[in-house]
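Visitor: I have a structure here, written as structure tokens, and I will follow up with some questions on it.
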There are 4 protein chains.
Amino acid sequence: MMNTNAPMAGSEKLTVSIIGASGYSGAELTRLLLRHPHAELEHLYAFSQAGNRFSELYPAITCDKTLEHYSGQCESDLYFLALPHGEALKLLPALEKAGKAVIDLSGDFRLRSTLEHEAFYKQTKPETACLTYGMPELFHERIIGARSISNPGCYATSILLGLAPLFLSETENRVTQVNCTAVSGISGAGRSSKTELSFSEMSENMRAYKVGIHQHTPEIMQTLGTSVTDPSFDFTFTPMIGPFTRGIYAGLTLRLEKPEQAETIESLYRDFYRTAPFVRVREQMTEVRHVVNTNFCDIHIASSSKTGSVVIVSAIDNLLKGAAGQAVQNMNLMFGFDETEGLL
Amino acid sequence: MMNTNAPMAGSEKLTVSIIGASGYSGAELTRLLLRHPHAELEHLYAFSQAGNRFSELYPAITCDKTLEHYSGQCESDLYFLALPHGEALKLLPALEKAGKAVIDLSGDFRLRSTLEHEAFYKQTKPETACLTYGMPELFHERIIGARSISNPGCYATSILLGLAPLFLSETENRVTQVNCTAVSGISGAGRSSKTELSFSEMSENMRAYKVGIHQHTPEIMQTLGTSVTDPSFDFTFTPMIGPFTRGIYAGLTLRLEKPEQAETIESLYRDFYRTAPFVRVREQMTEVRHVVNTNFCDIHIASSSKTGSVVIVSAIDNLLKGAAGQAVQNMNLMFGFDETEGLL
Amino acid sequence: MMNTNAPMAGSEKLTVSIIGASGYSGAELTRLLLRHPHAELEHLYAFSQAGNRFSELYPAITCDKTLEHYSGQCESDLYFLALPHGEALKLLPALEKAGKAVIDLSGDFRLRSTLEHEAFYKQTKPETACLTYGMPELFHERIIGARSISNPGCYATSILLGLAPLFLSETENRVTQVNCTAVSGISGAGRSSKTELSFSEMSENMRAYKVGIHQHTPEIMQTLGTSVTDPSFDFTFTPMIGPFTRGIYAGLTLRLEKPEQAETIESLYRDFYRTAPFVRVREQMTEVRHVVNTNFCDIHIASSSKTGSVVIVSAIDNLLKGAAGQAVQNMNLMFGFDETEGLL
Amino acid sequence: MMNTNAPMAGSEKLTVSIIGASGYSGAELTRLLLRHPHAELEHLYAFSQAGNRFSELYPAITCDKTLEHYSGQCESDLYFLALPHGEALKLLPALEKAGKAVIDLSGDFRLRSTLEHEAFYKQTKPETACLTYGMPELFHERIIGARSISNPGCYATSILLGLAPLFLSETENRVTQVNCTAVSGISGAGRSSKTELSFSEMSENMRAYKVGIHQHTPEIMQTLGTSVTDPSFDFTFTPMIGPFTRGIYAGLTLRLEKPEQAETIESLYRDFYRTAPFVRVREQMTEVRHVVNTNFCDIHIASSSKTGSVVIVSAIDNLLKGAAGQAVQNMNLMFGFDETEGLL
């Protein structure tokens with residue numbers, strides 16, 4: 001597919017800005033974009049934190065910009081939106097009208113079904129509000145041709161990458177059931193001041209939440225070619241938070257129609273991801289620390305049985321492959337840069 | 001059932017000793033037994049740590065005893081064995097011959113099937129080596145009458161208590177599948193000097209291990225009335241360790257033959273555990289911190305669906321309800337004390 | 001000194017209530033008082049949390065009471081006040097007028113100097129608002145005779161117990177300088193919803209704060225027989241928070257007029273604390289985990305030099321010996337119970 | 001001073017190898033050197049881990065090299081030695097003889113005084129075994145001209161950078177006393193399998209150690225122009241470990257002959273470090289998380305008093321500015337690269 005985005009001239013850089021740069025995903029975007037060889041980070045926009053220097057909030061990131069109040073500016077080529085759900089819906093029309101490319105990290109534009117959006121996000125949205133789903137390992141060509149991208153959710157990324165080969169490969173076998181138990185680091189809740197996310201409450205603690213009703217459910221189902229309301233397989237999702245800051249660790253327990261050896265499944269996965277620079281199908285057990293501060297998704301086929309059950313473990317850094325890293329990966333594809341540029 | 005253990009005279013105390021008092025479970029046993037109103041803690045035995053004062057290893061526990069080398073002593077009424085797998089097998093015969101009561105915290109005497117024992121523990125054992133399984137919520141009467149008890153494994157406790165009502169109640173519905181993903185605190189690996197359990201490797205980390213082959217699997221199956229080799233339902237178990245010291249947090253995803261409302265299941269659980277002082281069926285989501293330093297098992301029916309899937313979350317302190325606390329609860333039943341004595 | 005508090009008849013219990021039971025210190029008080037053999041816990045009062053069940057906030061503590069709104073009730077014999085600074089000042093007069101005993105855990109009544117109170121707490125208070133300073137190791141007799149007690153601050157407890165023998169013993173040597181660097185667990189900031197105390201900000205982090213201006217400074221100076229404004233020795237205090245929930249770990253670096261062997265200092269400390277059941281002068285290095293969940297203060301004389309410098313390390317559980325545990329210890333003395341009752 | 005190291009031709013890269021690449025410092029060196037634009041990482045040498053792939057030990061670092069057994073190879077231009085104390089002493093002579101440049105991260109070559117070396121390291125060494133002390137902020141010119149460098153200790157780095165301006169600037173005031181209390185992350189102890197560094201022992205814990213006898217003491221004194229045996233000012237050092245993996249947080253309490261305003265001291269520091277790209281003198285309080293994963297040393301003048309006391313807080317990443325990062329900074333200076341190359 002042709003790359004419809006304006007090609008970059010040799011020495012010229014893509015100008016980019018971040019709206020919502022004061023949160024954790026915005027900060028990681030800032031860090032990645034500052035060192036990206038083909039992007040020039042122009043503006044960091046924020047709301048409650050506008051007026052503060054970025055480096056006061058995140059001294060570990062060398063950046064001398066001040067957080068500016070966003071009020072409709074649109075001089076950059078590309079805008080990253082890292083805002084609470086509902087906010088990007090308001091900003092996108094003007095940015096698109098001004099001919100700007102957009103990568104939105106919220107859930108606002110992920111779902112084709114407005115019904116499911118409203119059920120899981122408790123927010124209404126127009127029927128047209130759906131953008132190309134920016135998971136490069138699955139939608140490489142579409143992303144290359146897109147003007148605007150909806151960046152996947154963090155849980156959705158770890159779960160979909162752990163499931164995709166069994167659903168999207170040409171195979172005669174069929175997945176009849178998926179049970180996801182995924183533990184997220186606490187940064188997944190954002191830069192927060194909630195008592196229940198304080199160190200004193202979460203150190204040495206674990207807690208499940210939103211069991212069966214997490215908002216990443218519909219984007220998982222949609223991407224696997226089905227829907228929440230009329231699913232083609234039985235699906236459960238148990239999200240948990242654990243006492244660590246970064247990472248998602250997902251245990252995926254599937255049932256296949258016909259039993260399959262772990263080695264066969266591993267082959268299928270290696271084949272499926274053979275051109276994906278950020279997915280590592282590993283013989284060794286995956287661990288959160290293997291992927292923290294990287295854009296990798298590590299996948300290990302942990303077991304399979306004669307009854308057709310399969311356990312797959314997948315791990316990502318929720319702020320990188322689950323948010324800012326994947327967003328930059330999408331930018332790389334959209335603008336014809338090497339997919340790994342600025343990410344290794 | 002009659003209590004066959006010698007009844008305690010009013011003012012006389014049960015004399016108890018611990019073999020393997022230097023590990024984490026042994027230390028918790030020491031703490032609990034020192035404050036137990038009807039038990040007199042006589043000897044703390046250890047092997048590599050023999051000769052050291054207990055209080056040098058565990059200054060938070062007020063105890064002026066010295067760890068003694070165990071070489072066959074048997075003056076106490078009751079012996080707690082908190083030893084690595086395989087060691088209790090060697091010690092039990094002499095203790096039983098001397099007429100002593102024993103509560104063993106290892107896996108040595110849990111399984112009726114020597115075949116399964118050998119497959120999961122990689123150790124041979126005599127066919128007769130099986131003791132009453134000391135899970136008071138399920139085997140109350142048998143424990144009261146027992147001379148020797150095999151204390152359940154920590155994962156097995158959290159998983160079995162989370163499953164038992166659906167398996168062991170009179171009900172026409174049937175569980176066709178159970179998927180367990182359980183995260184243990186690192187103390188579950190014992191007082192260890194392994195690099196992979198060092199703070200630097202495990203802080204901000206998670207790791208699955210022994211997926212599908214964990215040695216607590218057969219005792220779970222046996223207790224649910226089936227076996228690993230010829231199971232009556234489909235079972236998977238994904239153990240993980242997470243960055244906390246104490247606790248097990250188990251997410252149990254079941255399939256029922258017929259869908260059931262969460263409320264109905266909750267009723268069944270409340271009913272099943274109505275006389276169990278340490279199981280709390282809760283409306284609120286369970287958390288590890290709710291049970292740490294207690295003998296409680298907290299259970300929450302988190303969701304159920306029209307397809308028959310049910311998610312249940314269960315939490316225990318692995319060193320208490322998962323080891324030392326449950327052992328004392330067993331002692332209480334065996335010797336006619338109040339079941340909660342010394343545990344609240 | 002005579003115990004002026006009404007002696008407890010053999011079987012009758014002291015009735016106690018807690019105002020401010022929803023915070024961490026209030027919760028620990030609840031836990032301790034529920035198991036105290038001579039106290040009957042009557043009411044748990046709270047403000048924003050009034051109406052909620054205590055067990056919803058703290059499921060690890062077995063207590064079926066509901067948090068009640070406090071509006072001047074005074075039926076109990078003794079009131080524990082565990083409130084933000086400034087609140088106890090308002091409540092004490094009515095409680096005293098009603099003839100009630102009070103143990104206040106805030107800073108409201110610790111300082112004799114209203115000038116220093118106002119400088120460090122940024123709050124005015126009446127000149128008379130000073131109660132007996134409830135540090136049993138230093139003011140045993142006064143506490144026995146007191147009707148109302150001001151419970152010491154957590155930092156002040158760890159620092160004062162680490163310094164007292166050198167200041168308050170009969171000795172010809174003199175301390176010319178004290179430098180305190182003390183690291184507190186994050187629960188010291190209370191049950192909080194501040195972003196800077198969230199898990200994501202504090203895991204793997206440390207931060208000093210209020211260097212030289214911490215409000216526990218004047219009570220330390222006052223107790224050592226001097227004042228902030230005209231000190232008899234040079235004093236610095238660097239408080240820090242570290243990534244743990246409970247505990248204070250204080251490194252105290254002193255200068256003596258005349259050099260002294262560590263062994264000599266250790267003797268002095270052992271002698272000074274020989275009747276103190278909760279201070280342990282240890283040969284072994286102290287650690288936070290040695291005292292967490294206990295009422296102990298562990299002290300180790302870590303080094304002394306030919307120049308007169310001495311390093312002393314002291315550790316407490318900030319919520320127990322630094323708050324609720326010490327408060328119960330004070331209650332025990334005031335009402336003629338054994339000093340350790342309910343605390344071992 | 002002239003750069004005596006062979007200048008790099010435009011496109012040619014410096015070839016470098018690491019001896020001791022399997023430990024934490026070696027791994028960080030690997031990560032930094034792989035992305036360094038002017039260095040070509042040739043060999044990773046190890047001992048017990050030889051034969052294993054580097055990426056099995058450190059999957060978060062993208063590197064396809066195998067750890068090789070070191071047996072005297074010397075083809076690279078520069079060797080980094082990241083070995084236990086005592087090992088570099090054995091390897092240096094052959095490397096120097098072969099004309100290789102060396103940066104040693106151990107303590108083997110830091111001290112001019114063999115007497116102090118033997119007292120603190122409990123190892124003998126030849127009198128000549130002392131290399132240029134690689135602290136670029138203090139010895140910029142000497143490092144540029146050096147063939148071999150002794151990289152400073154982690155504590156020494158955080159403490160010396162926090163003290164140097166007051167000792168090494170032209171000023172009429174004089175420091176009469178320094179008390180250091182510094183908390184290190186647990187990775188400072190290396191990739192270890194000691195029980196006392198296990199997660200279960202160190203989570204929620206703190207512990208001081210080697211008080212007054214830490215081996216970084218003599219290099220601090222030597223660098224400040226004095227000695228342990230005949231010090232020109234009174235010095236104490238209390239090292240602690242806390243429950244975090246990376247970082248050192250140092251609280252430095254000084255006494256000046258003449259009192260000085262914090263602002264004046266801050267000016268002095270800003271001036272002293274005005275050309276130092278990795279030292280940030282900050283108005284804001286420093287925190288560990290501000291420097292983790294960076295090569296920065298953050299310094300804050302926290303307080304000063306009328307008595308001449310000053311509290312300074314300094315923070316580094318112990319594995320970067322305290323080890324591998326500083327080593328690469330030294331390489332940059334030695335070989336005429338930009339000082340920050342590969343480090344921002």
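Every chain in the structure tokens has a letter given in the order shown (A, B, ...), and although residue numbers restart at 1 in each chain, ligands are simply numbered from 1 in the order shown.
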Please identify every residue of chain A that has at least one atom no more than 9 Å from any atom of chain D, counting only C-alpha atoms, and report them as a list in words.

Guide: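 The complete set of qualifying residues is Arg35, Glu56, Tyr58, Pro59, Ala60, Ile61, Thr62, Ser203, Glu204, Gln284, Arg289, His290, Val291, Val292, Asn293, Thr294, Phe296 and Leu344 of chain A.
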
Visitor: Generate a file of the selected residues that holds N, CA, C and O atoms, formatted as a PDB file, in the first residue's frame.

Guide:
```pdb
ATOM      1  N   ARG A  35      14.782  11.975  21.376  1.00  0.00           N
ATOM      2  CA  ARG A  35      15.966  11.312  20.824  1.00  0.00           C
ATOM      3  C   ARG A  35      15.689  10.686  19.458  1.00  0.00           C
ATOM      4  O   ARG A  35      16.549   9.974  18.928  1.00  0.00           O
ATOM      5  N   GLU A  56      10.570  19.860  35.778  1.00  0.00           N
ATOM      6  CA  GLU A  56      10.238  19.835  37.210  1.00  0.00           C
ATOM      7  C   GLU A  56       9.421  18.595  37.535  1.00  0.00           C
ATOM      8  O   GLU A  56       9.539  18.023  38.610  1.00  0.00           O
ATOM      9  N   TYR A  58       9.455  15.761  35.555  1.00  0.00           N
ATOM     10  CA  TYR A  58      10.214  14.563  35.172  1.00  0.00           C
ATOM     11  C   TYR A  58      11.697  14.882  35.027  1.00  0.00           C
ATOM     12  O   TYR A  58      12.227  14.939  33.917  1.00  0.00           O
ATOM     13  N   PRO A  59      12.393  15.085  36.136  1.00  0.00           N
ATOM     14  CA  PRO A  59      13.804  15.477  36.043  1.00  0.00           C
ATOM     15  C   PRO A  59      14.696  14.418  35.402  1.00  0.00           C
ATOM     16  O   PRO A  59      15.798  14.738  34.966  1.00  0.00           O
ATOM     17  N   ALA A  60      14.228  13.164  35.335  1.00  0.00           N
ATOM     18  CA  ALA A  60      15.073  12.135  34.716  1.00  0.00           C
ATOM     19  C   ALA A  60      15.107  12.268  33.200  1.00  0.00           C
ATOM     20  O   ALA A  60      15.924  11.635  32.544  1.00  0.00           O
ATOM     21  N   ILE A  61      14.210  13.089  32.649  1.00  0.00           N
ATOM     22  CA  ILE A  61      14.182  13.289  31.199  1.00  0.00           C
ATOM     23  C   ILE A  61      14.748  14.676  30.895  1.00  0.00           C
ATOM     24  O   ILE A  61      14.246  15.676  31.399  1.00  0.00           O
ATOM     25  N   THR A  62      15.796  14.710  30.113  1.00  0.00           N
ATOM     26  CA  THR A  62      16.449  15.984  29.818  1.00  0.00           C
ATOM     27  C   THR A  62      15.666  16.732  28.748  1.00  0.00           C
ATOM     28  O   THR A  62      15.689  16.373  27.575  1.00  0.00           O
ATOM     29  N   SER A 203       1.952  -1.383  48.338  1.00  0.00           N
ATOM     30  CA  SER A 203       3.143  -2.198  48.579  1.00  0.00           C
ATOM     31  C   SER A 203       2.700  -3.499  49.222  1.00  0.00           C
ATOM     32  O   SER A 203       1.809  -3.512  50.086  1.00  0.00           O
ATOM     33  N   GLU A 204       3.290  -4.608  48.789  1.00  0.00           N
ATOM     34  CA  GLU A 204       2.945  -5.927  49.349  1.00  0.00           C
ATOM     35  C   GLU A 204       1.463  -6.267  49.155  1.00  0.00           C
ATOM     36  O   GLU A 204       0.897  -7.033  49.925  1.00  0.00           O
ATOM     37  N   GLN A 284      12.601 -19.375  26.756  1.00  0.00           N
ATOM     38  CA  GLN A 284      12.749 -19.099  28.185  1.00  0.00           C
ATOM     39  C   GLN A 284      11.442 -18.481  28.703  1.00  0.00           C
ATOM     40  O   GLN A 284      10.714 -17.839  27.949  1.00  0.00           O
ATOM     41  N   ARG A 289      10.766  -7.884  34.070  1.00  0.00           N
ATOM     42  CA  ARG A 289      12.032  -7.131  33.972  1.00  0.00           C
ATOM     43  C   ARG A 289      12.728  -7.315  32.621  1.00  0.00           C
ATOM     44  O   ARG A 289      13.615  -6.547  32.283  1.00  0.00           O
ATOM     45  N   HIS A 290      12.347  -8.336  31.867  1.00  0.00           N
ATOM     46  CA  HIS A 290      12.951  -8.520  30.537  1.00  0.00           C
ATOM     47  C   HIS A 290      12.471  -7.475  29.531  1.00  0.00           C
ATOM     48  O   HIS A 290      13.098  -7.304  28.488  1.00  0.00           O
ATOM     49  N   VAL A 291      11.360  -6.849  29.810  1.00  0.00           N
ATOM     50  CA  VAL A 291      10.789  -5.908  28.834  1.00  0.00           C
ATOM     51  C   VAL A 291      10.663  -4.473  29.338  1.00  0.00           C
ATOM     52  O   VAL A 291      10.385  -3.566  28.549  1.00  0.00           O
ATOM     53  N   VAL A 292      10.841  -4.274  30.642  1.00  0.00           N
ATOM     54  CA  VAL A 292      10.697  -2.917  31.171  1.00  0.00           C
ATOM     55  C   VAL A 292      11.727  -2.002  30.521  1.00  0.00           C
ATOM     56  O   VAL A 292      12.878  -2.382  30.326  1.00  0.00           O
ATOM     57  N   ASN A 293      11.309  -0.819  30.202  1.00  0.00           N
ATOM     58  CA  ASN A 293      12.135   0.173  29.502  1.00  0.00           C
ATOM     59  C   ASN A 293      12.483  -0.246  28.072  1.00  0.00           C
ATOM     60  O   ASN A 293      13.420   0.304  27.480  1.00  0.00           O
ATOM     61  N   THR A 294      11.736  -1.182  27.511  1.00  0.00           N
ATOM     62  CA  THR A 294      11.911  -1.553  26.103  1.00  0.00           C
ATOM     63  C   THR A 294      10.542  -1.518  25.415  1.00  0.00           C
ATOM     64  O   THR A 294       9.500  -1.449  26.069  1.00  0.00           O
ATOM     65  N   PHE A 296       9.630  -4.077  23.608  1.00  0.00           N
ATOM     66  CA  PHE A 296       9.380  -5.480  23.278  1.00  0.00           C
ATOM     67  C   PHE A 296       8.097  -6.019  23.906  1.00  0.00           C
ATOM     68  O   PHE A 296       7.689  -5.606  24.983  1.00  0.00           O
ATOM     69  N   LEU A 344      15.177   1.400  19.861  1.00  0.00           N
ATOM     70  CA  LEU A 344      16.101   0.341  20.304  1.00  0.00           C
ATOM     71  C   LEU A 344      17.263   0.943  21.110  1.00  0.00           C
ATOM     72  O   LEU A 344      17.567   2.102  21.008  1.00  0.00           O
TER      73      LEU A 344
END
```

Visitor: Leaving out Gly308 (chain A) and any residue of its chain fewer than 4 positions from it, which residues lie within 9 Å of it when counting only C-alpha atoms, given as a PyMOL selection string?

Guide: chain A and resi 254-260+304

Visitor: Counting only C-alpha atoms, which of B:Ile265, B:Pro231, B:Thr181, B:Thr217 gets nearest to Ala250 (chain A)?

Guide: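 Using only C-alpha atoms, the shortest distance to Ala250 (chain A) belongs to B:Thr181.
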
Visitor: Got a sec to tell me which of region 32-179 of chain B DSSP assigns to alpha helix (DSSP H), as a PyMOL selection string?

Guide: chain B and resi 32-34+54-57+87-97+114-121+136-144+154-168

Visitor: What gap, in Å, lies between CA of Arg147 (chain C) and CA of Ser48 (chain C)?

Guide: 29.0 Å

Visitor: Write out as a ChimeraX atom specification each polymer residue whose atoms come within 10 Å of Asp108 (chain D), counting only C-alpha atoms; drop sequence neighbours fewer than 6 positions from it.

Guide: /D:83-90,117,121,123-125,129-131,150-151

Visitor: Emit the selected residues as a compact mmCIF listing (two decimals), in the first residue's frame, including N, CA, C and O atoms.

Guide:
```txt
# COMPACT_ATOMS: atom_id res chain seq x y z
N LEU D 83 35.17 -6.36 37.65
CA LEU D 83 35.45 -7.61 38.35
C LEU D 83 35.44 -7.41 39.86
O LEU D 83 35.56 -6.29 40.34
N PRO D 84 35.32 -8.49 40.60
CA PRO D 84 35.44 -8.38 42.06
C PRO D 84 36.81 -7.82 42.43
O PRO D 84 37.79 -8.01 41.70
N HIS D 85 36.85 -7.14 43.57
CA HIS D 85 38.12 -6.57 44.02
C HIS D 85 39.21 -7.63 44.04
O HIS D 85 38.99 -8.75 44.46
N GLY D 86 40.41 -7.25 43.58
CA GLY D 86 41.54 -8.18 43.59
C GLY D 86 41.84 -8.77 42.22
O GLY D 86 42.97 -9.11 41.92
N GLU D 87 40.82 -8.88 41.37
CA GLU D 87 41.02 -9.54 40.07
C GLU D 87 41.72 -8.63 39.07
O GLU D 87 42.54 -9.09 38.27
N ALA D 88 41.40 -7.35 39.08
CA ALA D 88 42.00 -6.43 38.11
C ALA D 88 43.51 -6.31 38.33
O ALA D 88 44.28 -6.16 37.38
N LEU D 89 43.90 -6.37 39.60
CA LEU D 89 45.33 -6.34 39.93
C LEU D 89 46.11 -7.37 39.12
O LEU D 89 47.25 -7.13 38.72
N LYS D 90 45.48 -8.54 38.93
CA LYS D 90 46.17 -9.61 38.22
C LYS D 90 46.20 -9.38 36.71
O LYS D 90 47.11 -9.81 36.02
N HIS D 117 44.84 0.80 51.58
CA HIS D 117 44.24 -0.24 50.74
C HIS D 117 44.14 -1.55 51.52
O HIS D 117 43.08 -2.19 51.57
N TYR D 121 40.57 -3.08 52.25
CA TYR D 121 40.19 -4.15 51.32
C TYR D 121 40.65 -5.52 51.80
O TYR D 121 40.33 -6.53 51.18
N GLN D 123 43.38 -6.89 51.42
CA GLN D 123 44.14 -7.49 50.34
C GLN D 123 45.44 -6.72 50.18
O GLN D 123 45.44 -5.49 50.24
N THR D 124 46.51 -7.42 49.94
CA THR D 124 47.78 -6.71 49.68
C THR D 124 47.80 -6.24 48.24
O THR D 124 47.10 -6.77 47.39
N LYS D 125 48.59 -5.22 47.97
CA LYS D 125 48.80 -4.82 46.58
C LYS D 125 50.13 -4.10 46.45
O LYS D 125 50.62 -3.52 47.43
N ALA D 129 50.49 0.29 42.33
CA ALA D 129 49.19 0.02 41.73
C ALA D 129 48.18 1.12 42.01
O ALA D 129 47.25 0.95 42.79
N CYS D 130 48.37 2.26 41.37
CA CYS D 130 47.41 3.35 41.52
C CYS D 130 47.26 4.05 40.18
O CYS D 130 48.26 4.41 39.54
N LEU D 131 46.02 4.20 39.75
CA LEU D 131 45.75 4.83 38.45
C LEU D 131 45.06 6.17 38.65
O LEU D 131 44.54 6.47 39.74
N SER D 150 41.22 4.47 37.02
CA SER D 150 40.51 3.76 38.08
C SER D 150 39.18 4.48 38.29
O SER D 150 39.14 5.64 38.68
N ASN D 151 38.11 3.78 38.00
CA ASN D 151 36.77 4.38 38.10
C ASN D 151 36.35 4.43 39.57
O ASN D 151 36.52 3.45 40.28
```

Visitor: What's the separation between CA of Pro218 (chain C) and CA of Leu111 (chain C), in Å to one decimal place?

Guide: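 Going from CA of Pro218 (chain C) over to CA of Leu111 (chain C) covers 7.2 Å.
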
Visitor: Calculate how many Å separate CA of Asn52 (chain C) from CA of Glu68 (chain C), rounding to one decimal.

Guide: 8.0 Å

Visitor: Within 7 Å of Gly188 (chain C), counting only C-alpha atoms, which residues show up once you throw out same-chain ones fewer than 3 positions away? Write them as a ChimeraX atom specification, please.

Guide: /C:184-185,318

Visitor: Keeping all heavy atoms, export the residues of the selection given above as a PDB file, in the first residue's frame.

Guide:
```pdb
ATOM      1  N   SER C 184      11.797   7.357  57.078  1.00  0.00           N
ATOM      2  CA  SER C 184      10.493   6.867  57.520  1.00  0.00           C
ATOM      3  C   SER C 184       9.808   6.092  56.408  1.00  0.00           C
ATOM      4  O   SER C 184       9.936   6.419  55.231  1.00  0.00           O
ATOM      5  CB  SER C 184       9.592   8.046  57.909  1.00  0.00           C
ATOM      6  OG  SER C 184       8.273   7.586  58.188  1.00  0.00           O
ATOM      7  N   GLY C 185       9.059   5.067  56.781  1.00  0.00           N
ATOM      8  CA  GLY C 185       8.134   4.431  55.861  1.00  0.00           C
ATOM      9  C   GLY C 185       7.036   5.411  55.500  1.00  0.00           C
ATOM     10  O   GLY C 185       6.786   6.399  56.215  1.00  0.00           O
ATOM     11  N   ASN C 318       6.897   2.774  63.021  1.00  0.00           N
ATOM     12  CA  ASN C 318       6.360   4.126  63.235  1.00  0.00           C
ATOM     13  C   ASN C 318       4.916   4.128  63.705  1.00  0.00           C
ATOM     14  O   ASN C 318       4.479   5.033  64.408  1.00  0.00           O
ATOM     15  CB  ASN C 318       6.489   4.959  61.949  1.00  0.00           C
ATOM     16  CG  ASN C 318       5.711   4.375  60.796  1.00  0.00           C
ATOM     17  OD1 ASN C 318       5.701   3.157  60.603  1.00  0.00           O
ATOM     18  ND2 ASN C 318       5.052   5.215  60.015  1.00  0.00           N
TER      19      ASN C 318
END
```

Visitor: Would you pick out the contacts of Phe272 (chain D) at 12 Å or less, using only C-alpha atoms, so that residues sharing its chain but fewer than 6 positions from it are not included, and give the list as a PyMOL selection string?

Guide: chain D and resi 137-138+161-171+265-266+279-281

Visitor: Write out, as JSON lines, each residue of region 227-323 of chain D that has an atom at most 12 Å from region 219-230 of chain C, together with the closest pair of atoms and their distance in Å to one decimal, counting only C-alpha atoms, rows going by chain and rising number.

Guide:
```
{"residue": "D:Ser305", "atom": "CA", "partner": "C:Val228", "partner_atom": "CA", "distance": 11.9}
{"residue": "D:Lys306", "atom": "CA", "partner": "C:Thr229", "partner_atom": "CA", "distance": 11.2}
{"residue": "D:Thr307", "atom": "CA", "partner": "C:Asp230", "partner_atom": "CA", "distance": 11.4}
```

Visitor: Can those selected residues be exported to a file as a PDB file, in the first residue's frame so that it contains N, CA, C and O atoms?

Guide:
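Printed below is out_9.pdb as written:
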```
ATOM      1  N   SER D 305      22.726  26.572  58.813  1.00  0.00           N
ATOM      2  CA  SER D 305      22.302  27.211  60.062  1.00  0.00           C
ATOM      3  C   SER D 305      23.329  28.204  60.559  1.00  0.00           C
ATOM      4  O   SER D 305      24.472  28.251  60.068  1.00  0.00           O
ATOM      5  N   LYS D 306      22.929  28.941  61.554  1.00  0.00           N
ATOM      6  CA  LYS D 306      23.811  29.936  62.155  1.00  0.00           C
ATOM      7  C   LYS D 306      25.017  29.331  62.843  1.00  0.00           C
ATOM      8  O   LYS D 306      25.998  30.002  63.113  1.00  0.00           O
ATOM      9  N   THR D 307      24.921  28.032  63.158  1.00  0.00           N
ATOM     10  CA  THR D 307      26.060  27.391  63.825  1.00  0.00           C
ATOM     11  C   THR D 307      27.088  26.864  62.825  1.00  0.00           C
ATOM     12  O   THR D 307      28.087  26.278  63.223  1.00  0.00           O
TER      13      THR D 307
END
```

Visitor: As a VMD selection string, list the residues of region 243-299 of chain D assigned to strand (DSSP E or B) by DSSP on the backbone atoms of this structure.

Guide: chain D and resid 248 to 256 279 to 281 287 297 to 299

Visitor: Which is closer to Arg31 (chain C) than all the others in C:Cys63, C:Val16, C:Leu252, C:Ala50, using only C-alpha atoms?

Guide: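 The closest residue to Arg31 (chain C) is C:Cys63.
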